[in-house]
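Coordinates from structure-v5.cif are shown below (mmCIF, C-alpha atoms).
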data_coords
loop_
_atom_site.label_atom_id
_atom_site.label_comp_id
_atom_site.auth_asym_id
_atom_site.auth_seq_id
_atom_site.Cartn_x
_atom_site.Cartn_y
_atom_site.Cartn_z
CA MET A 3 -107.68 -35.43 -84.67
CA GLU A 4 -104.57 -34.53 -86.64
CA ALA A 5 -104.16 -30.78 -87.19
CA ARG A 6 -104.95 -29.57 -90.70
CA HIS A 7 -101.79 -27.48 -90.76
CA LEU A 8 -98.11 -27.86 -89.93
CA GLU A 9 -96.48 -25.56 -87.43
CA ASN A 10 -94.95 -22.44 -88.93
CA PRO A 11 -91.19 -22.69 -88.18
CA PHE A 12 -90.33 -19.15 -89.28
CA PRO A 13 -90.02 -16.05 -87.13
CA ASP A 14 -92.29 -13.27 -88.34
CA TYR A 15 -90.92 -10.18 -90.06
CA ASP A 16 -88.86 -8.08 -87.66
CA GLY A 17 -89.11 -4.77 -89.51
CA GLY A 18 -85.50 -4.85 -90.69
CA LYS A 19 -84.30 -1.79 -92.55
CA GLU A 20 -82.74 -3.71 -95.42
CA ARG A 21 -85.07 -4.06 -98.39
CA LEU A 22 -86.29 -7.60 -98.85
CA GLU A 23 -85.22 -9.24 -102.10
CA VAL A 24 -86.77 -12.34 -103.65
CA ASN A 25 -84.15 -14.92 -104.64
CA SER A 26 -85.16 -15.16 -108.31
CA GLU A 27 -82.74 -17.98 -109.11
CA LYS A 28 -84.15 -20.14 -106.34
CA VAL A 29 -87.72 -19.43 -107.44
CA ARG A 30 -86.97 -20.13 -111.11
CA ASN A 31 -85.29 -23.42 -110.20
CA LEU A 32 -88.30 -24.45 -108.15
CA ILE A 33 -90.59 -23.53 -111.05
CA CYS A 34 -88.54 -25.77 -113.33
CA ASP A 35 -88.75 -28.66 -110.88
CA TYR A 36 -92.54 -28.45 -110.84
CA VAL A 37 -92.96 -27.85 -114.59
CA ASP A 38 -90.68 -30.76 -115.45
CA ALA A 39 -92.81 -33.00 -113.22
CA ILE A 40 -95.99 -31.75 -114.91
CA LEU A 41 -94.59 -32.42 -118.38
CA GLU A 42 -93.44 -35.87 -117.39
CA ASN A 43 -96.71 -36.93 -115.83
CA THR A 44 -99.50 -35.22 -117.82
CA LYS A 45 -98.89 -35.80 -121.50
CA PRO A 46 -102.00 -34.70 -123.46
CA GLY A 47 -103.79 -37.66 -124.94
CA SER A 48 -102.22 -40.25 -122.63
CA ALA A 49 -104.29 -43.13 -121.27
CA ASP A 50 -104.27 -41.81 -117.69
CA GLU A 51 -105.19 -38.25 -118.61
CA ASP A 52 -108.11 -36.43 -116.98
CA THR A 53 -110.87 -36.67 -119.59
CA ARG A 54 -112.82 -33.59 -118.48
CA GLY A 55 -110.06 -31.12 -119.28
CA ASP A 56 -111.36 -28.24 -117.15
CA LEU A 57 -109.54 -25.40 -115.41
CA TYR A 58 -109.94 -26.73 -111.91
CA VAL A 59 -108.19 -30.09 -112.23
CA GLY A 60 -107.80 -30.68 -115.98
CA ASN A 61 -105.63 -29.77 -118.93
CA ALA A 62 -107.10 -26.29 -119.33
CA GLY A 63 -105.62 -25.38 -115.95
CA ILE A 64 -102.18 -26.59 -117.04
CA ALA A 65 -102.58 -24.63 -120.29
CA TYR A 66 -103.34 -21.53 -118.21
CA MET A 67 -100.14 -22.11 -116.21
CA PHE A 68 -98.09 -22.31 -119.41
CA TYR A 69 -99.80 -19.17 -120.74
CA LYS A 70 -98.86 -17.34 -117.54
CA LEU A 71 -95.33 -18.72 -117.76
CA ALA A 72 -95.00 -17.40 -121.31
CA LYS A 73 -96.39 -13.94 -120.51
CA SER A 74 -94.04 -13.30 -117.58
CA ASN A 75 -90.83 -11.38 -118.26
CA HIS A 76 -89.20 -13.48 -115.55
CA THR A 77 -90.05 -16.94 -116.88
CA GLY A 78 -90.79 -16.61 -120.59
CA ASP A 79 -87.34 -17.96 -121.47
CA LEU A 80 -87.61 -21.18 -119.45
CA TYR A 81 -89.77 -23.28 -121.81
CA PRO A 82 -91.52 -23.12 -125.20
CA ALA A 83 -94.49 -22.38 -122.99
CA LEU A 84 -97.01 -21.32 -125.64
CA ASP A 85 -96.34 -24.51 -127.59
CA HIS A 86 -97.13 -26.50 -124.47
CA ALA A 87 -100.19 -24.34 -123.77
CA GLN A 88 -101.52 -25.05 -127.26
CA GLY A 89 -101.09 -28.79 -126.78
CA TYR A 90 -102.91 -28.91 -123.45
CA ILE A 91 -105.76 -26.61 -124.46
CA ARG A 92 -106.25 -28.41 -127.76
CA ASN A 93 -106.89 -31.60 -125.88
CA SER A 94 -109.24 -29.85 -123.44
CA LYS A 95 -111.33 -28.53 -126.31
CA ALA A 96 -111.57 -31.98 -127.85
CA ASN A 97 -112.98 -33.24 -124.56
CA ALA A 98 -115.30 -30.21 -124.28
CA LEU A 99 -117.12 -30.99 -127.53
CA ARG A 100 -119.24 -33.68 -125.90
CA TYR A 101 -120.63 -31.16 -123.37
CA LYS A 102 -121.44 -28.24 -125.70
CA LYS A 103 -125.18 -28.91 -125.81
CA ARG A 104 -125.60 -28.66 -122.04
CA ALA A 105 -126.52 -25.21 -120.75
CA ASP A 106 -124.84 -25.77 -117.38
CA GLU A 107 -121.57 -26.74 -119.07
CA ARG A 108 -121.60 -23.69 -121.35
CA VAL A 109 -121.85 -21.44 -118.29
CA ALA A 110 -119.43 -23.29 -115.99
CA PHE A 111 -116.00 -21.62 -115.80
CA LEU A 112 -113.64 -23.41 -113.43
CA CYS A 113 -115.35 -26.78 -113.94
CA GLY A 114 -116.82 -26.45 -117.43
CA ASN A 115 -116.59 -25.36 -121.02
CA SER A 116 -116.49 -21.57 -120.66
CA GLY A 117 -113.19 -21.76 -118.78
CA ILE A 118 -111.69 -24.02 -121.43
CA TYR A 119 -112.64 -21.63 -124.24
CA ALA A 120 -111.51 -18.57 -122.29
CA VAL A 121 -108.00 -19.98 -121.86
CA SER A 122 -107.98 -21.07 -125.48
CA ALA A 123 -108.85 -17.50 -126.52
CA ALA A 124 -105.93 -16.17 -124.48
CA VAL A 125 -103.54 -18.67 -126.04
CA SER A 126 -104.88 -18.00 -129.55
CA GLN A 127 -104.27 -14.28 -129.15
CA ALA A 128 -100.79 -14.89 -127.78
CA VAL A 129 -99.79 -16.99 -130.83
CA GLY A 130 -101.49 -14.63 -133.29
CA ASP A 131 -104.22 -17.00 -134.50
CA GLN A 132 -107.09 -14.57 -135.15
CA ARG A 133 -109.41 -17.18 -136.69
CA GLN A 134 -109.09 -19.46 -133.68
CA LEU A 135 -109.44 -16.51 -131.31
CA THR A 136 -112.77 -15.54 -132.87
CA GLU A 137 -114.02 -19.12 -132.65
CA ASP A 138 -112.92 -19.41 -129.02
CA VAL A 139 -114.64 -16.18 -128.00
CA ASN A 140 -117.85 -17.24 -129.74
CA ASN A 141 -117.76 -20.56 -127.91
CA PHE A 142 -117.20 -18.73 -124.62
CA LEU A 143 -120.15 -16.43 -125.37
CA ALA A 144 -122.38 -19.49 -125.81
CA GLY A 145 -122.66 -19.39 -122.01
CA TYR A 146 -124.30 -15.96 -121.97
CA GLU A 147 -127.92 -16.90 -122.75
CA PRO A 148 -128.08 -19.86 -120.31
CA ALA A 149 -126.63 -17.62 -117.57
CA LEU A 150 -129.70 -15.38 -117.83
CA GLN A 151 -131.99 -18.16 -116.59
CA ILE A 152 -132.47 -17.90 -112.83
CA ALA A 153 -132.31 -21.70 -112.50
CA PHE A 154 -130.38 -23.38 -115.32
CA THR A 155 -129.50 -26.28 -112.98
CA ARG A 156 -131.22 -27.78 -109.93
CA HIS A 157 -128.18 -27.49 -107.72
CA GLY A 158 -127.48 -23.75 -107.49
CA CYS A 159 -126.50 -21.44 -110.32
CA ASP A 160 -124.46 -18.62 -108.83
CA GLU A 161 -121.17 -19.88 -107.35
CA VAL A 162 -117.71 -19.74 -108.92
CA LEU A 163 -116.96 -23.30 -109.98
CA VAL A 164 -120.00 -23.90 -112.18
CA GLY A 165 -122.30 -20.89 -111.81
CA ARG A 166 -122.81 -17.30 -112.89
CA ALA A 167 -120.09 -15.90 -110.64
CA GLY A 168 -117.55 -18.08 -112.41
CA TYR A 169 -118.83 -17.05 -115.83
CA LEU A 170 -118.57 -13.39 -114.86
CA THR A 171 -115.02 -14.04 -113.65
CA GLY A 172 -114.22 -15.34 -117.12
CA CYS A 173 -115.84 -12.29 -118.73
CA TYR A 174 -113.78 -9.90 -116.61
CA TRP A 175 -110.57 -11.81 -117.29
CA LEU A 176 -111.08 -11.88 -121.05
CA ASN A 177 -111.95 -8.19 -121.10
CA ASP A 178 -108.70 -7.50 -119.25
CA ILE A 179 -106.41 -9.49 -121.54
CA LEU A 180 -107.94 -9.36 -125.03
CA LYS A 181 -107.24 -6.48 -127.37
CA THR A 182 -110.93 -6.30 -128.26
CA LYS A 183 -113.42 -6.38 -125.40
CA ALA A 184 -115.20 -9.74 -125.39
CA VAL A 185 -118.28 -8.86 -123.31
CA SER A 186 -119.98 -5.47 -123.23
CA ASP A 187 -120.80 -3.63 -120.01
CA ASP A 188 -124.50 -3.96 -120.82
CA LYS A 189 -124.21 -7.75 -121.00
CA LEU A 190 -122.16 -7.86 -117.81
CA GLU A 191 -124.77 -5.82 -115.95
CA THR A 192 -127.54 -8.02 -117.31
CA ILE A 193 -125.90 -11.14 -115.83
CA CYS A 194 -125.22 -9.30 -112.57
CA LYS A 195 -128.90 -8.36 -112.33
CA VAL A 196 -129.77 -12.06 -112.54
CA VAL A 197 -127.27 -12.79 -109.75
CA ILE A 198 -128.91 -10.07 -107.65
CA GLU A 199 -132.42 -11.37 -108.33
CA SER A 200 -131.39 -14.95 -107.59
CA GLY A 201 -129.87 -13.87 -104.27
CA ARG A 202 -132.93 -11.83 -103.34
CA GLN A 203 -135.32 -14.66 -104.12
CA TYR A 204 -133.39 -17.21 -102.10
CA SER A 205 -132.92 -14.81 -99.19
CA LYS A 206 -136.65 -14.07 -99.08
CA GLU A 207 -137.65 -17.75 -99.36
CA THR A 208 -135.36 -18.78 -96.51
CA ARG A 209 -135.71 -15.64 -94.38
CA ALA A 210 -131.95 -15.21 -94.47
CA PRO A 211 -130.38 -12.51 -92.27
CA LEU A 212 -128.96 -10.63 -95.30
CA PRO A 213 -130.45 -9.30 -98.55
CA LEU A 214 -128.52 -11.62 -100.89
CA MET A 215 -127.98 -15.29 -100.13
CA TYR A 216 -127.29 -18.36 -102.24
CA GLN A 217 -127.09 -22.16 -102.01
CA TYR A 218 -125.17 -24.89 -103.78
CA HIS A 219 -126.46 -28.46 -103.55
CA GLY A 220 -128.66 -27.34 -100.68
CA THR A 221 -125.86 -25.82 -98.57
CA GLU A 222 -125.53 -22.08 -97.91
CA TYR A 223 -121.78 -21.87 -98.44
CA LEU A 224 -119.89 -18.73 -97.48
CA GLY A 225 -116.43 -19.30 -98.95
CA ALA A 226 -114.79 -18.47 -102.27
CA ALA A 227 -115.24 -21.77 -104.11
CA HIS A 228 -118.96 -22.38 -103.69
CA GLY A 229 -120.27 -19.48 -101.74
CA LEU A 230 -121.19 -15.97 -100.83
CA SER A 231 -117.79 -14.25 -100.66
CA ALA A 232 -116.84 -14.91 -104.29
CA ILE A 233 -120.35 -14.10 -105.54
CA LEU A 234 -120.26 -10.72 -103.79
CA HIS A 235 -116.74 -10.19 -105.15
CA VAL A 236 -117.89 -10.53 -108.76
CA LEU A 237 -120.73 -8.09 -108.09
CA LEU A 238 -118.20 -5.55 -106.78
CA ASP A 239 -116.17 -6.21 -109.94
CA SER A 240 -119.15 -5.26 -112.11
CA PRO A 241 -119.31 -2.08 -114.24
CA TRP A 242 -121.65 -0.58 -111.64
CA PHE A 243 -118.80 -0.18 -109.15
CA LYS A 244 -116.09 0.98 -111.56
CA SER A 245 -116.58 4.71 -110.98
CA ASP A 246 -118.77 6.96 -108.84
CA LEU A 247 -120.83 5.02 -106.30
CA SER A 248 -123.59 7.60 -106.64
CA LYS A 249 -124.25 6.15 -110.10
CA VAL A 250 -124.91 2.65 -108.77
CA PRO A 251 -128.68 1.90 -108.60
CA SER A 252 -129.50 2.55 -104.95
CA ASP A 253 -131.31 -0.76 -104.35
CA ILE A 254 -128.35 -2.71 -105.74
CA LEU A 255 -125.81 -0.68 -103.78
CA ASN A 256 -127.76 -1.12 -100.55
CA ASP A 257 -128.22 -4.88 -100.95
CA VAL A 258 -124.62 -5.58 -101.98
CA LYS A 259 -123.14 -3.38 -99.24
CA ALA A 260 -125.42 -4.84 -96.56
CA SER A 261 -124.51 -8.37 -97.64
CA VAL A 262 -120.79 -7.59 -97.60
CA ASP A 263 -121.12 -6.12 -94.13
CA PHE A 264 -123.06 -9.15 -92.90
CA TYR A 265 -120.30 -11.37 -94.21
CA LEU A 266 -117.71 -9.20 -92.47
CA SER A 267 -119.64 -9.58 -89.20
CA LEU A 268 -119.02 -13.34 -89.34
CA GLN A 269 -115.25 -12.99 -88.91
CA ASP A 270 -114.23 -14.65 -85.66
CA ALA A 271 -111.58 -13.63 -83.13
CA GLU A 272 -108.92 -15.59 -85.00
CA GLY A 273 -109.73 -13.89 -88.28
CA ASN A 274 -111.58 -16.78 -89.94
CA PHE A 275 -115.08 -17.34 -91.32
CA PRO A 276 -117.60 -20.20 -91.10
CA VAL A 277 -117.85 -22.66 -93.98
CA ALA A 278 -121.63 -22.31 -94.30
CA LEU A 279 -124.49 -20.29 -92.87
CA GLU A 280 -125.94 -23.49 -91.43
CA ASP A 281 -122.91 -23.73 -89.14
CA LEU A 282 -124.14 -20.65 -87.29
CA LYS A 283 -127.63 -22.07 -86.87
CA ARG A 284 -126.29 -25.37 -85.54
CA GLY A 285 -123.55 -23.88 -83.38
CA ARG A 286 -120.85 -25.76 -85.27
CA GLU A 287 -117.32 -24.52 -84.83
CA LYS A 288 -115.89 -25.92 -88.08
CA ARG A 289 -113.37 -23.51 -89.58
CA LEU A 290 -111.09 -24.18 -92.56
CA VAL A 291 -108.08 -22.07 -93.49
CA HIS A 292 -108.47 -22.71 -97.23
CA TRP A 293 -109.07 -20.52 -100.28
CA CYS A 294 -112.20 -22.56 -100.99
CA HIS A 295 -113.60 -22.25 -97.45
CA GLY A 296 -112.19 -19.66 -95.08
CA ALA A 297 -109.94 -16.65 -94.62
CA PRO A 298 -107.58 -17.28 -97.59
CA GLY A 299 -110.52 -16.82 -99.97
CA ALA A 300 -112.34 -14.16 -97.95
CA VAL A 301 -109.50 -11.65 -98.32
CA TYR A 302 -110.33 -11.01 -101.98
CA LEU A 303 -113.82 -9.79 -101.18
CA LEU A 304 -112.57 -7.77 -98.21
CA ALA A 305 -109.79 -6.16 -100.26
CA LYS A 306 -112.21 -5.29 -103.05
CA ALA A 307 -114.66 -3.80 -100.55
CA TYR A 308 -111.86 -1.71 -99.05
CA LEU A 309 -110.83 -0.34 -102.45
CA ILE A 310 -114.42 0.55 -103.36
CA PHE A 311 -115.95 1.75 -100.10
CA LYS A 312 -112.75 3.22 -98.57
CA GLU A 313 -113.65 1.95 -95.08
CA ASP A 314 -110.78 0.84 -92.85
CA LYS A 315 -112.80 -2.00 -91.31
CA TYR A 316 -112.28 -4.04 -94.46
CA LEU A 317 -108.53 -3.52 -94.44
CA ARG A 318 -108.37 -4.43 -90.75
CA ALA A 319 -110.29 -7.62 -91.52
CA CYS A 320 -107.84 -8.44 -94.34
CA LYS A 321 -104.86 -8.03 -92.03
CA LYS A 322 -106.53 -10.12 -89.34
CA ALA A 323 -107.21 -12.88 -91.85
CA SER A 324 -103.63 -12.76 -93.12
CA ASP A 325 -102.28 -13.10 -89.58
CA LEU A 326 -104.34 -16.27 -89.20
CA VAL A 327 -102.98 -17.60 -92.49
CA TRP A 328 -99.43 -16.93 -91.27
CA GLN A 329 -100.16 -19.07 -88.22
CA LYS A 330 -102.22 -21.86 -89.81
CA GLY A 331 -101.70 -21.65 -93.56
CA LEU A 332 -98.99 -24.28 -94.00
CA LEU A 333 -101.59 -26.85 -94.94
CA ARG A 334 -101.11 -30.60 -94.87
CA LYS A 335 -103.25 -30.93 -97.99
CA GLY A 336 -100.30 -30.00 -100.21
CA PRO A 337 -98.81 -27.20 -102.29
CA GLY A 338 -101.89 -26.14 -104.29
CA ILE A 339 -103.92 -22.94 -104.41
CA CYS A 340 -107.41 -24.21 -103.51
CA HIS A 341 -106.47 -25.81 -100.20
CA GLY A 342 -102.69 -25.70 -100.02
CA VAL A 343 -99.60 -23.67 -99.22
CA ALA A 344 -99.58 -21.66 -102.45
CA GLY A 345 -103.16 -20.54 -101.85
CA SER A 346 -102.05 -19.28 -98.45
CA GLY A 347 -99.01 -17.58 -99.99
CA TYR A 348 -101.24 -15.68 -102.37
CA VAL A 349 -102.89 -14.01 -99.36
CA PHE A 350 -99.61 -12.31 -98.53
CA LEU A 351 -99.03 -11.21 -102.12
CA LEU A 352 -102.47 -9.58 -102.08
CA LEU A 353 -101.74 -7.81 -98.80
CA TYR A 354 -98.37 -6.67 -100.13
CA ARG A 355 -100.06 -5.01 -103.12
CA LEU A 356 -102.77 -3.57 -100.89
CA THR A 357 -100.50 -2.10 -98.20
CA GLU A 358 -96.94 -2.05 -99.68
CA GLU A 359 -95.75 -3.38 -96.31
CA GLU A 360 -92.60 -5.50 -96.57
CA LYS A 361 -93.74 -7.99 -93.97
CA TYR A 362 -96.29 -9.46 -96.36
CA LEU A 363 -93.71 -10.06 -99.07
CA TYR A 364 -91.49 -11.63 -96.40
CA ARG A 365 -94.32 -13.97 -95.42
CA ALA A 366 -94.93 -14.95 -99.05
CA VAL A 367 -91.22 -15.73 -99.48
CA LYS A 368 -91.22 -17.91 -96.36
CA PHE A 369 -94.18 -19.92 -97.62
CA MET A 370 -92.28 -20.42 -100.88
CA GLU A 371 -89.29 -21.67 -98.90
CA TYR A 372 -91.49 -24.11 -97.00
CA LEU A 373 -92.37 -25.91 -100.23
CA THR A 374 -88.89 -27.47 -100.16
CA ASN A 375 -88.88 -28.09 -96.40
CA SER A 376 -88.19 -31.72 -95.46
CA GLU A 377 -91.06 -31.79 -92.94
CA PHE A 378 -93.52 -30.58 -95.58
CA LYS A 379 -92.31 -33.16 -98.09
CA LEU A 380 -92.69 -35.88 -95.48
CA LYS A 381 -96.05 -34.93 -93.97
CA ALA A 382 -97.98 -33.20 -96.75
CA ARG A 383 -100.62 -35.23 -98.54
CA ILE A 384 -100.58 -35.88 -102.27
CA PRO A 385 -103.68 -34.31 -103.87
CA ASP A 386 -106.04 -36.35 -106.04
CA ARG A 387 -104.89 -34.31 -109.05
CA PRO A 388 -101.29 -33.51 -108.07
CA PHE A 389 -100.35 -31.60 -111.23
CA SER A 390 -103.52 -29.55 -111.69
CA LEU A 391 -104.14 -25.81 -111.37
CA TYR A 392 -106.28 -25.72 -108.24
CA GLU A 393 -105.36 -28.91 -106.38
CA GLY A 394 -101.79 -29.41 -107.56
CA VAL A 395 -98.50 -27.87 -108.56
CA ALA A 396 -99.65 -26.03 -111.69
CA GLY A 397 -101.21 -23.54 -109.29
CA THR A 398 -98.04 -23.53 -107.22
CA VAL A 399 -96.11 -22.53 -110.34
CA CYS A 400 -98.51 -19.59 -110.81
CA PHE A 401 -97.81 -18.47 -107.25
CA LEU A 402 -94.05 -18.69 -107.85
CA ILE A 403 -94.31 -16.71 -111.10
CA ASP A 404 -96.19 -14.00 -109.21
CA LEU A 405 -93.61 -14.04 -106.43
CA LEU A 406 -91.08 -12.86 -109.02
CA ASP A 407 -93.31 -9.85 -109.81
CA PRO A 408 -95.16 -9.20 -106.56
CA LYS A 409 -96.43 -5.75 -107.47
CA ASN A 410 -98.57 -7.32 -110.19
CA ALA A 411 -99.39 -10.63 -108.47
CA HIS A 412 -102.93 -11.97 -108.46
CA PHE A 413 -104.63 -15.25 -107.65
CA PRO A 414 -105.83 -16.88 -110.90
CA PHE A 415 -108.94 -15.13 -112.19
CA MET A 416 -109.33 -13.02 -109.02
CA GLU A 417 -107.59 -9.76 -109.89
CA VAL A 418 -108.72 -7.34 -107.19
CA PHE A 419 -107.08 -4.28 -108.75
CA HIS A 420 -108.28 -4.47 -112.37
#

What would the structure in this file look like if it were written as structure tokens?
Amino acid sequence: MEARHLENPFPDYDGGKERLEVNSEKVRNLICDYVDAILENTKPGSADEDTRGDLYVGNAGIAYMFYKLAKSNHTGDLYPALDHAQGYIRNSKANALRYKKRADERVAFLCGNSGIYAVSAAVSQAVGDQRQLTEDVNNFLAGYEPALQIAFTRHGCDEVLVGRAGYLTGCYWLNDILKTKAVSDDKLETICKVVIESGRQYSKETRAPLPLMYQYHGTEYLGAAHGLSAILHVLLDSPWFKSDLSKVPSDILNDVKASVDFYLSLQDAEGNFPVALEDLKRGREKRLVHWCHGAPGAVYLLAKAYLIFKEDKYLRACKKASDLVWQKGLLRKGPGICHGVAGSGYVFLLLYRLTEEEKYLYRAVKFMEYLTNSEFKLKARIPDRPFSLYEGVAGTVCFLIDLLDPKNAHFPFMEVFH
């Protein structure tokens, strides 16, 4: 079977005394190459356009990229980025209208309406359109009531792409960027309590080996896209954990901490994690080095746990995971952030912020350089949605923007330090 990754051709950081500098001109030129390709191939309203318009693979994700491009001091001069963001998000909202009556769509963030309206709110604020901002926030808040139902779909209601964890991610992001807080702490805690109760119920029903467990389409996923690690991350992001841990309700603290520690116990000798809990029961050895399933997504939970609980075991696990990504993170699946080279590169930007060690910035720079490597261009696969935020180069552009400002870098909608 062909390896999922290409061999890393770079020597690792040698601890040189000279301070590492990011070649901003090279990065900006690469950004322009990708953005030009996006503009050429994804005109809003065209016949071949994605009709869903969501963040994951649709126009809302491209709008987010342009919003990020506009907000950066390093790239704001490259394009009329907010104009482009308005065009892409306008088309996403037109597509979203047909789904507004569905509770599951109103909750869904990366693959549904709440993500579309969240990005639209950010763009509306950036262009100074207060009326549209208010409308966008109200449309986003339409997901709140459905999220309080334990089972608003039959397939699993807690993961990041379509469930409560994703909706909470949107809440946290909007509260970070909007001048007026979009979602109160009381409402955030109310949703989090439902996530806790859902996890407890499922864990009890299935006799799971941890207090909080979840399923999506019948599979007990562990990774960031569909599974446990991202769900626990959003719980650690909740208002409960913002200050003194002694103020966290003891039953919630105990269940969250025990579940995080169980997840940590699953890290293998290489630094990776299983795709699903069933893999352990069946003795399967399947391991993916992807943000969606594996170490590149696990690091966000581990980093958050380290910042909150102040226990070195979480930092050690982060470093171990990042070493694996250095070895196996040049993925054949392409340049994207969900299962591609940019998603691996983001691991090093996180570790750089967490540790301030130069070697992690060096590693991120090398993964940027590999995007133009002839072997990668020859052997990497073309994603199904090659210009999108999570599968394609819109996400790669976000990684490159963050590479120009590594001390403030964060994977889209997963800001560990906020």

Mind running segment 226-283 of chain A against segment 160-166 of chain A at 12 Å and telling me each contacting residue's nearest atom pair with the distance in Å (one decimal), counting only C-alpha atoms, chain and number ascending, as a Markdown table?
| residue | atom | partner | partner_atom | distance |
| --- | --- | --- | --- | --- |
| A:Ala226 | CA | A:Val162 | CA | 7.4 |
| A:Ala227 | CA | A:Val162 | CA | 5.8 |
| A:His228 | CA | A:Glu161 | CA | 5.0 |
| A:Gly229 | CA | A:Glu161 | CA | 5.7 |
| A:Leu230 | CA | A:Glu161 | CA | 7.6 |
| A:Ser231 | CA | A:Glu161 | CA | 9.4 |
| A:Ala232 | CA | A:Val162 | CA | 6.7 |
| A:Ile233 | CA | A:Glu161 | CA | 6.1 |
| A:Leu234 | CA | A:Glu161 | CA | 9.9 |
| A:His235 | CA | A:Val162 | CA | 10.3 |
| A:Val236 | CA | A:Val162 | CA | 9.2 |
| A:Leu237 | CA | A:Arg166 | CA | 10.6 |

When you look at Ala72 of chain A with a cut-off of 12 Å (counting all atoms listed in the file), what residues show up, excluding the ones that are within fewer than 5 positions of it in the same chain? I need them as a PyMOL selection string.
chain A and resi 65-67+77-88+124-125+128-129+400+403

If we count all atoms listed in the file and set the cut-off at 10 Å, which residues sit around segment 186-190 of chain A, ignoring sequence neighbours fewer than 6 positions away in its own chain? Please answer as a ChimeraX atom specification.
/A:146,150,169-170,173-174,177,237,240-242

Determine, counting all atoms listed in the file, every residue of protein, DNA or RNA that lies within 7 Å of (-98.6, -23.1, -107.0) in the file coordinates, then give the result as a PyMOL selection string.
chain A and resi 337-339+344+395-402

Report as a list of chain:residue names the full result of the PyMOL selection byres ((chain A and resi 151) around 12) when it is applied to this structure.
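When the PyMOL selection byres ((chain A and resi 151) around 12) is applied to the shown file, the picked residues are A:Ala105, A:Asp106, A:Val109, A:Gly145, A:Tyr146, A:Glu147, A:Pro148, A:Ala149, A:Leu150, A:Ile152, A:Ala153, A:Phe154, A:Thr155, A:Arg156, A:Gly158, A:Cys159, A:Asp160, A:Gly165, A:Arg166, A:Thr192, A:Ile193, A:Cys194, A:Lys195, A:Val196, A:Val197, A:Glu199, A:Ser200.
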
Any chance you can output those residues with C-alpha atoms as a PDB file, keeping the file's coordinate frame?
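Final output, part04.pdb:
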ATOM      1  CA  ALA A 105    -126.520 -25.210-120.750  1.00  0.00           C
ATOM      2  CA  ASP A 106    -124.840 -25.770-117.380  1.00  0.00           C
ATOM      3  CA  VAL A 109    -121.850 -21.440-118.290  1.00  0.00           C
ATOM      4  CA  GLY A 145    -122.660 -19.390-122.010  1.00  0.00           C
ATOM      5  CA  TYR A 146    -124.300 -15.960-121.970  1.00  0.00           C
ATOM      6  CA  GLU A 147    -127.920 -16.900-122.750  1.00  0.00           C
ATOM      7  CA  PRO A 148    -128.080 -19.860-120.310  1.00  0.00           C
ATOM      8  CA  ALA A 149    -126.630 -17.620-117.570  1.00  0.00           C
ATOM      9  CA  LEU A 150    -129.700 -15.380-117.830  1.00  0.00           C
ATOM     10  CA  ILE A 152    -132.470 -17.900-112.830  1.00  0.00           C
ATOM     11  CA  ALA A 153    -132.310 -21.700-112.500  1.00  0.00           C
ATOM     12  CA  PHE A 154    -130.380 -23.380-115.320  1.00  0.00           C
ATOM     13  CA  THR A 155    -129.500 -26.280-112.980  1.00  0.00           C
ATOM     14  CA  ARG A 156    -131.220 -27.780-109.930  1.00  0.00           C
ATOM     15  CA  GLY A 158    -127.480 -23.750-107.490  1.00  0.00           C
ATOM     16  CA  CYS A 159    -126.500 -21.440-110.320  1.00  0.00           C
ATOM     17  CA  ASP A 160    -124.460 -18.620-108.830  1.00  0.00           C
ATOM     18  CA  GLY A 165    -122.300 -20.890-111.810  1.00  0.00           C
ATOM     19  CA  ARG A 166    -122.810 -17.300-112.890  1.00  0.00           C
ATOM     20  CA  THR A 192    -127.540  -8.020-117.310  1.00  0.00           C
ATOM     21  CA  ILE A 193    -125.900 -11.140-115.830  1.00  0.00           C
ATOM     22  CA  CYS A 194    -125.220  -9.300-112.570  1.00  0.00           C
ATOM     23  CA  LYS A 195    -128.900  -8.360-112.330  1.00  0.00           C
ATOM     24  CA  VAL A 196    -129.770 -12.060-112.540  1.00  0.00           C
ATOM     25  CA  VAL A 197    -127.270 -12.790-109.750  1.00  0.00           C
ATOM     26  CA  GLU A 199    -132.420 -11.370-108.330  1.00  0.00           C
ATOM     27  CA  SER A 200    -131.390 -14.950-107.590  1.00  0.00           C
TER      28      SER A 200
END

Students should find that atom CA of Leu57 of chain A and atom CA of Leu112 of chain A are spaced 5.0 Å

Who sits within 9 Å of Gln203 of chain A, only C-alpha atoms, same chain under 5 positions skipped, as a ChimeraX atom specification
/A:198,208,214-215
